[in-house]
Amino acid sequence: MSLNNDMVSPKMESVHRRTESTQKAGVKNVLISIFVSVSSFFSLTVVAMYFGGTSASDAYFFLLSMSAVSIGLIGSVLGVVFLPAFVKLLSQNDEAGAHKFLSSIFSWCLVITLFTSFLLFIWNEHFFSSVSKFNSTQITQMSSVLMYFPPIFFFGVLSELFRVIALSIGQFTTAAISALFPPLFLIAFLFALRHTLHEETLVASLLLARAVSLTMLVTSVRKAGIRVKFNLTKNANTYSFLRSSAPYFSATIVTNAATFYFDYQASGLGTGAVSALAYAKRLFMLPTTVFLTPILEITRTKFAEMQAVGDHQSFNSYYNNLLRFLLYYSIPIAAVYFVFSHEIISVLFQRGAFGAEDVKKTASILAIYAWSLPIYTVFSLNGRACESYRRLFWISVFGSVGHLFVIAATYYLTNKFGLLGIPVARLFADIVYFLPFGFVAFHLFGGLPQYRKIIASFLAALVTAIPIALFFDLFLLRAYIGTPVSLGSLVIHVSGYFILYSAGLLFISSHCRKSLLKLMRSRSLHSRR
């Protein structure tokens with residue numbers, strides 16, 4: 001399927017401060033994301049080997065979750081509200097106004113983040129006692145790790161701001177490269193300090209990675225001609241930004257609270273619970289990190305550009321084609337995670353401090369998370385499409401209701417089923433609320449989802465993936481019961497699964513066949529030129 005600039009009409013030519021085409025950037029970003037994912041999982045296996053599911057790994061993963069939620073709280077608003085507003089000013093050739101707007105946002109971010117970091121540093125242990133179920137003894141033991149949170153938060157917020165700026169001026173690859181630093185620095189620290197390894201090593205590497213990432217992004221943005229100054233004076237665009245972002249920011253607080261509530265509940269379920277949830281969640285997020293995230297980063301900018309010039313035909317065409325493609329991609333991976341969950345966790349993590357009990361606990365979580373993957377993928381695209389309309393009030397209201405529902409479901413199901421109640425609550429909320437809500441919101445805003453074609457793609461992927469997954473489960477994996485599965489064997493089985501799935505999908509889906517032929521003809525014409 002071709003996801004390139006051919007879908008964009010001539011209207012889009014008026015919005016061009018692009019340093020690289022979205023097609024080339026998409027390919028680069030996917031390659032970078034693959035490298036990031038490989039590096040991240042290699043670093044994760046080393047963390048599992050040295051720390052397993054212990055109080056040290058619990059402290060690290062809890063801080064990692066807390067920093068992701070707090071930085072994401074601000075970063076999501078910047079991406080949803082600031083990015084389209086900044087792109088619109090640039091598209092109107094108002095560079096002076098765009099730079100003043102940017103300087104104002106930067107200045108307020110700097111002041112607020114610095115002040116917040118100072119308070120977090122002073123009341124560090126009290127803060128973490130309030131946001132976790134760890135007891136006072138555990139908090140005291142973890143204090144050497146938790147004290148790194150304030151500077152990580154400071155550098156993380158500023159890095160996210162400049163990453164969004166890079167995206168808004170078309171520096172997609174630069175923005176993607178910033179994700180390389182955390183796993184690479186973690187690997188370097190783990191091996192360089194392996195003889196004197198402590199949990200502080202993990203968070204120190206994250207802090208340095210954030211600082212280096214910020215330095216690279218600031219340098220890149222300045223080279224592109226963007227000038228940022230400290231300026232707290234009144235700015236009409238900043239006031240407009242605050243008015244537009246207020247409802248979305250309020251909803252984002254609820255969204256991030258719901259996400260963090262998983263770790264909050266896990267912190268009270270005994271040593272290793274936070275770590276098991278973290279290992280399963282990172283594996284669950286691997287397909288989105290490799291493919292979905294880089295595509296959606298570009299999609300957010302493309303949607304904003306199409307809306308800025310009123311090119312609704314290209315907008316709907318791009319949306320429907322991308323959604324069908326994401327279904328073909330996510331459904332077979334969900335089936336693999338469900339069928340191979342124990343084998344995957346065992347091969348990746350079972351060594352050193354990570355024992356058989358850790359494997360069993362983590363694999364059980366992953367098998368439930370698996371079926372949320374296609375729903376999460378579809379909802380993420382619907383979210384980007386709805387955000388581009390910049391009618392954020394109702395998105396915020398219904399999103400907040402949904403995440404309050406997640407919190408309530410997690411509270412009830414965790415008390416009933418323990419640790420497994422967390423992934424069950426997520427899956428239940430995704431099916432009952434978030435999947436239908438995404439389509440309803442997009443349709444009400446004026447989008448035109450082609451439901452029959454979307455359902456046809458969903459059924460084609462499902463009918464192809466499930467029988468093949470059952471075949472591997474019933475006739476191949478059963479042969480390994482009671483014996484460990486090697487990495488080579490797992491790779492062969494998973495590769496065979498995807499080969500059969502791809503062949504079956506091409507046989508069943510005429511849409512896939514036509515898209516493949518279109519892509520081959522496009523490449524052929526390009527090579528002749």
# chains A, B, ... in the order shown; residues from 1 in each chain; ligands from 1
call {"tool": "residues_around", "arguments": {"residues": "Val274 (chain A)", "least_positions_apart": "5", "cutoff": "10 Å", "atoms": "only C-alpha atoms", "output": "JSON, numbers by chain"}}
result
{"A": [53, 54, 55, 57, 58, 59, 60, 61, 62, 65, 262, 263, 264, 265, 266, 267, 268, 269, 279, 419]}
call {"tool": "write_last_selection", "arguments": {"atoms": "N, CA, C and O atoms", "output": "PDB file, in the first residue's frame"}}
result
ATOM      1  N   GLY A  53      13.045  -9.350  38.750  1.00  0.00           N
ATOM      2  CA  GLY A  53      11.866  -8.701  39.314  1.00  0.00           C
ATOM      3  C   GLY A  53      12.087  -8.406  40.780  1.00  0.00           C
ATOM      4  O   GLY A  53      11.508  -9.049  41.658  1.00  0.00           O
ATOM      5  N   THR A  54      12.950  -7.442  41.068  1.00  0.00           N
ATOM      6  CA  THR A  54      13.345  -7.105  42.431  1.00  0.00           C
ATOM      7  C   THR A  54      12.894  -5.696  42.792  1.00  0.00           C
ATOM      8  O   THR A  54      12.346  -4.973  41.965  1.00  0.00           O
ATOM      9  N   SER A  55      13.163  -5.293  44.023  1.00  0.00           N
ATOM     10  CA  SER A  55      12.805  -3.939  44.453  1.00  0.00           C
ATOM     11  C   SER A  55      13.601  -2.896  43.670  1.00  0.00           C
ATOM     12  O   SER A  55      13.107  -1.791  43.422  1.00  0.00           O
ATOM     13  N   SER A  57      14.580  -3.149  40.425  1.00  0.00           N
ATOM     14  CA  SER A  57      13.928  -2.978  39.122  1.00  0.00           C
ATOM     15  C   SER A  57      12.571  -2.302  39.273  1.00  0.00           C
ATOM     16  O   SER A  57      12.154  -1.523  38.417  1.00  0.00           O
ATOM     17  N   ASP A  58      11.875  -2.584  40.380  1.00  0.00           N
ATOM     18  CA  ASP A  58      10.604  -1.907  40.634  1.00  0.00           C
ATOM     19  C   ASP A  58      10.804  -0.396  40.730  1.00  0.00           C
ATOM     20  O   ASP A  58      10.023   0.387  40.176  1.00  0.00           O
ATOM     21  N   ALA A  59      11.850   0.038  41.441  1.00  0.00           N
ATOM     22  CA  ALA A  59      12.138   1.470  41.594  1.00  0.00           C
ATOM     23  C   ALA A  59      12.439   2.106  40.244  1.00  0.00           C
ATOM     24  O   ALA A  59      11.928   3.201  39.922  1.00  0.00           O
ATOM     25  N   TYR A  60      13.255   1.439  39.444  1.00  0.00           N
ATOM     26  CA  TYR A  60      13.623   1.974  38.126  1.00  0.00           C
ATOM     27  C   TYR A  60      12.405   2.089  37.212  1.00  0.00           C
ATOM     28  O   TYR A  60      12.177   3.143  36.599  1.00  0.00           O
ATOM     29  N   PHE A  61      11.616   1.027  37.121  1.00  0.00           N
ATOM     30  CA  PHE A  61      10.466   1.044  36.214  1.00  0.00           C
ATOM     31  C   PHE A  61       9.377   2.006  36.696  1.00  0.00           C
ATOM     32  O   PHE A  61       8.683   2.615  35.879  1.00  0.00           O
ATOM     33  N   PHE A  62       9.250   2.148  38.018  1.00  0.00           N
ATOM     34  CA  PHE A  62       8.261   3.094  38.537  1.00  0.00           C
ATOM     35  C   PHE A  62       8.672   4.522  38.191  1.00  0.00           C
ATOM     36  O   PHE A  62       7.836   5.342  37.768  1.00  0.00           O
ATOM     37  N   SER A  65       8.093   5.096  34.493  1.00  0.00           N
ATOM     38  CA  SER A  65       6.672   5.323  34.218  1.00  0.00           C
ATOM     39  C   SER A  65       6.244   6.714  34.653  1.00  0.00           C
ATOM     40  O   SER A  65       5.523   7.409  33.934  1.00  0.00           O
ATOM     41  N   PHE A 262      -2.168   1.981  36.583  1.00  0.00           N
ATOM     42  CA  PHE A 262      -1.726   0.588  36.483  1.00  0.00           C
ATOM     43  C   PHE A 262      -0.508   0.361  37.380  1.00  0.00           C
ATOM     44  O   PHE A 262      -0.449  -0.614  38.142  1.00  0.00           O
ATOM     45  N   ASP A 263       0.485   1.243  37.260  1.00  0.00           N
ATOM     46  CA  ASP A 263       1.704   1.100  38.063  1.00  0.00           C
ATOM     47  C   ASP A 263       1.433   1.387  39.536  1.00  0.00           C
ATOM     48  O   ASP A 263       2.052   0.779  40.416  1.00  0.00           O
ATOM     49  N   TYR A 264       0.531   2.330  39.786  1.00  0.00           N
ATOM     50  CA  TYR A 264       0.160   2.639  41.168  1.00  0.00           C
ATOM     51  C   TYR A 264      -0.410   1.401  41.863  1.00  0.00           C
ATOM     52  O   TYR A 264      -0.005   1.051  42.977  1.00  0.00           O
ATOM     53  N   GLN A 265      -1.339   0.721  41.187  1.00  0.00           N
ATOM     54  CA  GLN A 265      -1.917  -0.488  41.755  1.00  0.00           C
ATOM     55  C   GLN A 265      -0.874  -1.598  41.891  1.00  0.00           C
ATOM     56  O   GLN A 265      -0.821  -2.311  42.890  1.00  0.00           O
ATOM     57  N   ALA A 266      -0.022  -1.742  40.867  1.00  0.00           N
ATOM     58  CA  ALA A 266       1.008  -2.790  40.887  1.00  0.00           C
ATOM     59  C   ALA A 266       2.001  -2.580  42.024  1.00  0.00           C
ATOM     60  O   ALA A 266       2.527  -3.559  42.579  1.00  0.00           O
ATOM     61  N   SER A 267       2.270  -1.326  42.394  1.00  0.00           N
ATOM     62  CA  SER A 267       3.238  -1.053  43.456  1.00  0.00           C
ATOM     63  C   SER A 267       2.786  -1.590  44.813  1.00  0.00           C
ATOM     64  O   SER A 267       3.606  -1.715  45.727  1.00  0.00           O
ATOM     65  N   GLY A 268       1.495  -1.913  44.936  1.00  0.00           N
ATOM     66  CA  GLY A 268       0.995  -2.472  46.182  1.00  0.00           C
ATOM     67  C   GLY A 268       0.754  -3.965  46.121  1.00  0.00           C
ATOM     68  O   GLY A 268       0.151  -4.539  47.042  1.00  0.00           O
ATOM     69  N   LEU A 269       1.214  -4.620  45.054  1.00  0.00           N
ATOM     70  CA  LEU A 269       0.962  -6.057  44.873  1.00  0.00           C
ATOM     71  C   LEU A 269       2.198  -6.920  45.118  1.00  0.00           C
ATOM     72  O   LEU A 269       2.277  -8.051  44.641  1.00  0.00           O
ATOM     73  N   TYR A 279       7.833  -5.183  31.986  1.00  0.00           N
ATOM     74  CA  TYR A 279       8.389  -6.043  30.934  1.00  0.00           C
ATOM     75  C   TYR A 279       7.317  -6.391  29.901  1.00  0.00           C
ATOM     76  O   TYR A 279       7.550  -6.325  28.685  1.00  0.00           O
ATOM     77  N   LEU A 419      -2.820  -9.067  40.044  1.00  0.00           N
ATOM     78  CA  LEU A 419      -2.036  -8.428  38.990  1.00  0.00           C
ATOM     79  C   LEU A 419      -2.673  -8.575  37.609  1.00  0.00           C
ATOM     80  O   LEU A 419      -2.631  -7.652  36.792  1.00  0.00           O
TER      81      LEU A 419
END
call {"tool": "residues_around", "arguments": {"residues": "Ala276 (chain A)", "least_positions_apart": "6", "cutoff": "9 Å", "atoms": "only C-alpha atoms", "output": "MDAnalysis selection string"}}
result
chainID A and resid 52:53 58 358:359 361:363 365
call {"tool": "write_last_selection", "arguments": {"atoms": "C-alpha atoms", "output": "mmCIF file, in the first residue's frame"}}
result
data_model
loop_
_atom_site.group_PDB
_atom_site.id
_atom_site.type_symbol
_atom_site.label_atom_id
_atom_site.label_comp_id
_atom_site.auth_asym_id
_atom_site.auth_seq_id
_atom_site.Cartn_x
_atom_site.Cartn_y
_atom_site.Cartn_z
ATOM 1 C CA GLY A 52 15.075 -9.475 37.441
ATOM 2 C CA GLY A 53 11.866 -8.701 39.314
ATOM 3 C CA ASP A 58 10.604 -1.907 40.634
ATOM 4 C CA ASP A 358 9.012 -14.061 36.577
ATOM 5 C CA VAL A 359 8.450 -15.667 33.150
ATOM 6 C CA LYS A 361 3.887 -13.802 35.657
ATOM 7 C CA THR A 362 5.028 -11.635 32.727
ATOM 8 C CA ALA A 363 3.767 -14.021 30.008
ATOM 9 C CA ILE A 365 0.066 -10.339 31.393
#
call {"tool": "residues_around", "arguments": {"residues": "Gln141 (chain A)", "least_positions_apart": "5", "cutoff": "12 Å", "atoms": "only C-alpha atoms", "output": "list in words"}}
result
Ser55, Ala56, Asp58, Ala59, Glu125, Phe134, Asn135, Ser136, Leu146, Met147, Glu199 and Glu200 of chain A
call {"tool": "residues_around", "arguments": {"residues": "region 437-440 of chain A", "least_positions_apart": "6", "cutoff": "12 Å", "atoms": "only C-alpha atoms", "output": "PyMOL selection string"}}
result
chain A and resi 319-320+323+375-387+394-402+429-431+446-451+454
call {"tool": "write_last_selection", "arguments": {"atoms": "N, CA, C and O atoms", "output": "compact mmCIF listing (two decimals), in the first residue's frame"}}
result
# COMPACT_ATOMS: atom_id res chain seq x y z
N TYR A 319 -6.64 8.79 5.53
CA TYR A 319 -7.11 8.16 6.77
C TYR A 319 -7.57 6.72 6.52
O TYR A 319 -7.16 5.79 7.22
N ASN A 320 -8.44 6.52 5.55
CA ASN A 320 -9.02 5.20 5.31
C ASN A 320 -7.97 4.18 4.84
O ASN A 320 -7.98 3.03 5.28
N LEU A 323 -5.75 3.34 7.90
CA LEU A 323 -6.44 2.52 8.88
C LEU A 323 -6.49 1.05 8.45
O LEU A 323 -6.24 0.14 9.25
N ILE A 375 -6.94 -2.75 18.78
CA ILE A 375 -7.84 -1.68 19.23
C ILE A 375 -7.04 -0.42 19.52
O ILE A 375 -7.43 0.70 19.14
N TYR A 376 -5.91 -0.57 20.20
CA TYR A 376 -5.04 0.58 20.49
C TYR A 376 -4.56 1.24 19.21
O TYR A 376 -4.51 2.48 19.10
N THR A 377 -4.22 0.44 18.22
CA THR A 377 -3.73 0.95 16.94
C THR A 377 -4.81 1.78 16.24
O THR A 377 -4.55 2.90 15.78
N VAL A 378 -6.02 1.24 16.17
CA VAL A 378 -7.13 1.95 15.51
C VAL A 378 -7.48 3.21 16.28
O VAL A 378 -7.68 4.29 15.69
N PHE A 379 -7.55 3.11 17.60
CA PHE A 379 -7.91 4.28 18.42
C PHE A 379 -6.86 5.38 18.31
O PHE A 379 -7.20 6.57 18.30
N SER A 380 -5.59 5.00 18.21
CA SER A 380 -4.52 6.00 18.07
C SER A 380 -4.67 6.80 16.78
O SER A 380 -4.52 8.03 16.78
N LEU A 381 -4.97 6.11 15.69
CA LEU A 381 -5.18 6.82 14.42
C LEU A 381 -6.42 7.69 14.48
O LEU A 381 -6.41 8.85 14.03
N ASN A 382 -7.52 7.16 15.04
CA ASN A 382 -8.73 7.98 15.18
C ASN A 382 -8.46 9.21 16.04
O ASN A 382 -8.99 10.29 15.78
N GLY A 383 -7.64 9.04 17.06
CA GLY A 383 -7.29 10.17 17.91
C GLY A 383 -6.55 11.26 17.15
O GLY A 383 -6.86 12.44 17.28
N ARG A 384 -5.55 10.86 16.33
CA ARG A 384 -4.81 11.85 15.54
C ARG A 384 -5.74 12.56 14.55
O ARG A 384 -5.63 13.76 14.34
N ALA A 385 -6.65 11.80 13.94
CA ALA A 385 -7.58 12.39 12.98
C ALA A 385 -8.51 13.39 13.66
O ALA A 385 -8.72 14.50 13.15
N CYS A 386 -9.05 13.04 14.82
CA CYS A 386 -9.95 13.93 15.54
C CYS A 386 -9.23 15.18 16.04
O CYS A 386 -9.77 16.29 15.99
N GLU A 387 -8.00 15.00 16.52
CA GLU A 387 -7.24 16.14 17.03
C GLU A 387 -7.00 17.19 15.95
O GLU A 387 -6.91 18.39 16.24
N TRP A 394 -15.09 18.25 23.17
CA TRP A 394 -15.81 16.99 23.29
C TRP A 394 -14.87 15.80 23.30
O TRP A 394 -15.14 14.78 23.96
N ILE A 395 -13.74 15.91 22.59
CA ILE A 395 -12.73 14.86 22.68
C ILE A 395 -12.26 14.72 24.12
O ILE A 395 -12.12 13.62 24.66
N SER A 396 -12.05 15.88 24.75
CA SER A 396 -11.58 15.89 26.13
C SER A 396 -12.61 15.29 27.08
O SER A 396 -12.27 14.51 27.97
N VAL A 397 -13.88 15.67 26.89
CA VAL A 397 -14.93 15.19 27.79
C VAL A 397 -15.09 13.68 27.69
O VAL A 397 -15.03 12.96 28.71
N PHE A 398 -15.28 13.18 26.47
CA PHE A 398 -15.50 11.74 26.31
C PHE A 398 -14.24 10.93 26.61
O PHE A 398 -14.32 9.81 27.12
N GLY A 399 -13.07 11.51 26.31
CA GLY A 399 -11.83 10.84 26.67
C GLY A 399 -11.67 10.72 28.17
O GLY A 399 -11.25 9.67 28.69
N SER A 400 -12.02 11.78 28.89
CA SER A 400 -11.93 11.76 30.36
C SER A 400 -12.86 10.73 30.95
O SER A 400 -12.50 10.00 31.89
N VAL A 401 -14.09 10.67 30.42
CA VAL A 401 -15.06 9.67 30.90
C VAL A 401 -14.49 8.26 30.70
O VAL A 401 -14.58 7.40 31.59
N GLY A 402 -13.91 8.03 29.53
CA GLY A 402 -13.34 6.72 29.25
C GLY A 402 -12.23 6.34 30.19
O GLY A 402 -12.16 5.20 30.66
N ALA A 429 -11.98 -2.07 28.78
CA ALA A 429 -12.26 -0.67 28.46
C ALA A 429 -12.05 -0.38 26.97
O ALA A 429 -12.81 0.39 26.37
N ASP A 430 -11.04 -0.99 26.38
CA ASP A 430 -10.78 -0.79 24.95
C ASP A 430 -11.95 -1.27 24.10
O ASP A 430 -12.38 -0.60 23.16
N ILE A 431 -12.48 -2.46 24.43
CA ILE A 431 -13.56 -3.04 23.64
C ILE A 431 -14.87 -2.28 23.85
O ILE A 431 -15.58 -1.95 22.90
N GLY A 446 -16.91 15.20 11.10
CA GLY A 446 -16.96 15.38 9.66
C GLY A 446 -16.11 14.43 8.87
O GLY A 446 -16.06 14.50 7.64
N GLY A 447 -15.42 13.51 9.54
CA GLY A 447 -14.63 12.52 8.84
C GLY A 447 -15.53 11.50 8.16
O GLY A 447 -16.69 11.30 8.55
N LEU A 448 -14.99 10.84 7.16
CA LEU A 448 -15.78 9.87 6.39
C LEU A 448 -15.10 8.50 6.39
O LEU A 448 -14.48 8.09 5.40
N PRO A 449 -15.19 7.78 7.49
CA PRO A 449 -14.64 6.41 7.50
C PRO A 449 -15.45 5.50 6.60
O PRO A 449 -16.69 5.53 6.63
N GLN A 450 -14.77 4.71 5.81
CA GLN A 450 -15.44 3.78 4.90
C GLN A 450 -15.64 2.46 5.65
O GLN A 450 -14.84 1.54 5.56
N TYR A 451 -16.75 2.37 6.37
CA TYR A 451 -16.96 1.28 7.32
C TYR A 451 -16.94 -0.09 6.65
O TYR A 451 -16.39 -1.05 7.19
N ILE A 454 -13.42 -1.00 5.84
CA ILE A 454 -12.66 -1.22 7.08
C ILE A 454 -13.00 -2.58 7.68
O ILE A 454 -12.12 -3.34 8.09
call {"tool": "residues_around", "arguments": {"residues": "Ile368 (chain A)", "least_positions_apart": "3", "cutoff": "8 Å", "atoms": "only C-alpha atoms", "output": "MDAnalysis selection string"}}
result
chainID A and resid 338 364:365 371:372 423:424 427
call {"tool": "write_last_selection", "arguments": {"atoms": "N, CA and C atoms", "output": "mmCIF file, in the first residue's frame"}}
result
data_model
loop_
_atom_site.group_PDB
_atom_site.id
_atom_site.type_symbol
_atom_site.label_atom_id
_atom_site.label_comp_id
_atom_site.auth_asym_id
_atom_site.auth_seq_id
_atom_site.Cartn_x
_atom_site.Cartn_y
_atom_site.Cartn_z
ATOM 1 N N PHE A 338 -0.333 -13.712 21.698
ATOM 2 C CA PHE A 338 -1.187 -14.605 22.480
ATOM 3 C C PHE A 338 -0.652 -16.038 22.466
ATOM 4 N N SER A 364 1.739 -14.186 31.345
ATOM 5 C CA SER A 364 0.286 -14.141 31.570
ATOM 6 C C SER A 364 -0.264 -12.744 31.284
ATOM 7 N N ILE A 365 0.482 -11.722 31.663
ATOM 8 C CA ILE A 365 0.066 -10.339 31.393
ATOM 9 C C ILE A 365 0.095 -10.064 29.901
ATOM 10 N N TRP A 371 -4.556 -8.736 22.889
ATOM 11 C CA TRP A 371 -5.780 -8.440 22.141
ATOM 12 C C TRP A 371 -6.169 -6.968 22.202
ATOM 13 N N SER A 372 -5.454 -6.184 23.004
ATOM 14 C CA SER A 372 -5.659 -4.735 23.000
ATOM 15 C C SER A 372 -4.902 -4.052 21.863
ATOM 16 N N PRO A 423 -4.245 -5.882 33.083
ATOM 17 C CA PRO A 423 -4.451 -6.018 31.632
ATOM 18 C C PRO A 423 -5.900 -6.343 31.263
ATOM 19 N N VAL A 424 -6.623 -7.079 32.125
ATOM 20 C CA VAL A 424 -8.028 -7.370 31.838
ATOM 21 C C VAL A 424 -8.834 -6.075 31.808
ATOM 22 N N LEU A 427 -8.173 -4.214 28.478
ATOM 23 C CA LEU A 427 -8.843 -4.847 27.349
ATOM 24 C C LEU A 427 -10.350 -4.592 27.387
#
call {"tool": "residues_around", "arguments": {"residues": "region 180-189 of chain A", "least_positions_apart": "6", "cutoff": "7 Å", "atoms": "only C-alpha atoms", "output": "PyMOL selection string"}}
result
chain A and resi 36+39-40+43+201-202+205-206+209+213
call {"tool": "select_by_dssp", "arguments": {"residues": "region 296-497 of chain A", "states": "alpha helix (DSSP H)", "output": "VMD selection string"}}
result
chain A and resid 296 to 308 312 to 339 341 to 349 356 to 369 373 to 387 392 to 417 421 to 429 435 to 444 451 to 471 487 to 497
call {"tool": "atom_distance", "arguments": {"atom1": "CA of Thr410 (chain A)", "atom2": "CA of Tyr261 (chain A)"}}
result
8.0 Å
call {"tool": "closest_residue", "arguments": {"among": "A:Gly488, A:Pro150, A:Pro374, A:Gly72", "to": "Met285 (chain A)", "atoms": "only C-alpha atoms"}}
result
A:Pro374
call {"tool": "atom_distance", "arguments": {"atom1": "CA of Phe442 (chain A)", "atom2": "CA of Val30 (chain A)"}}
result
26.4 Å
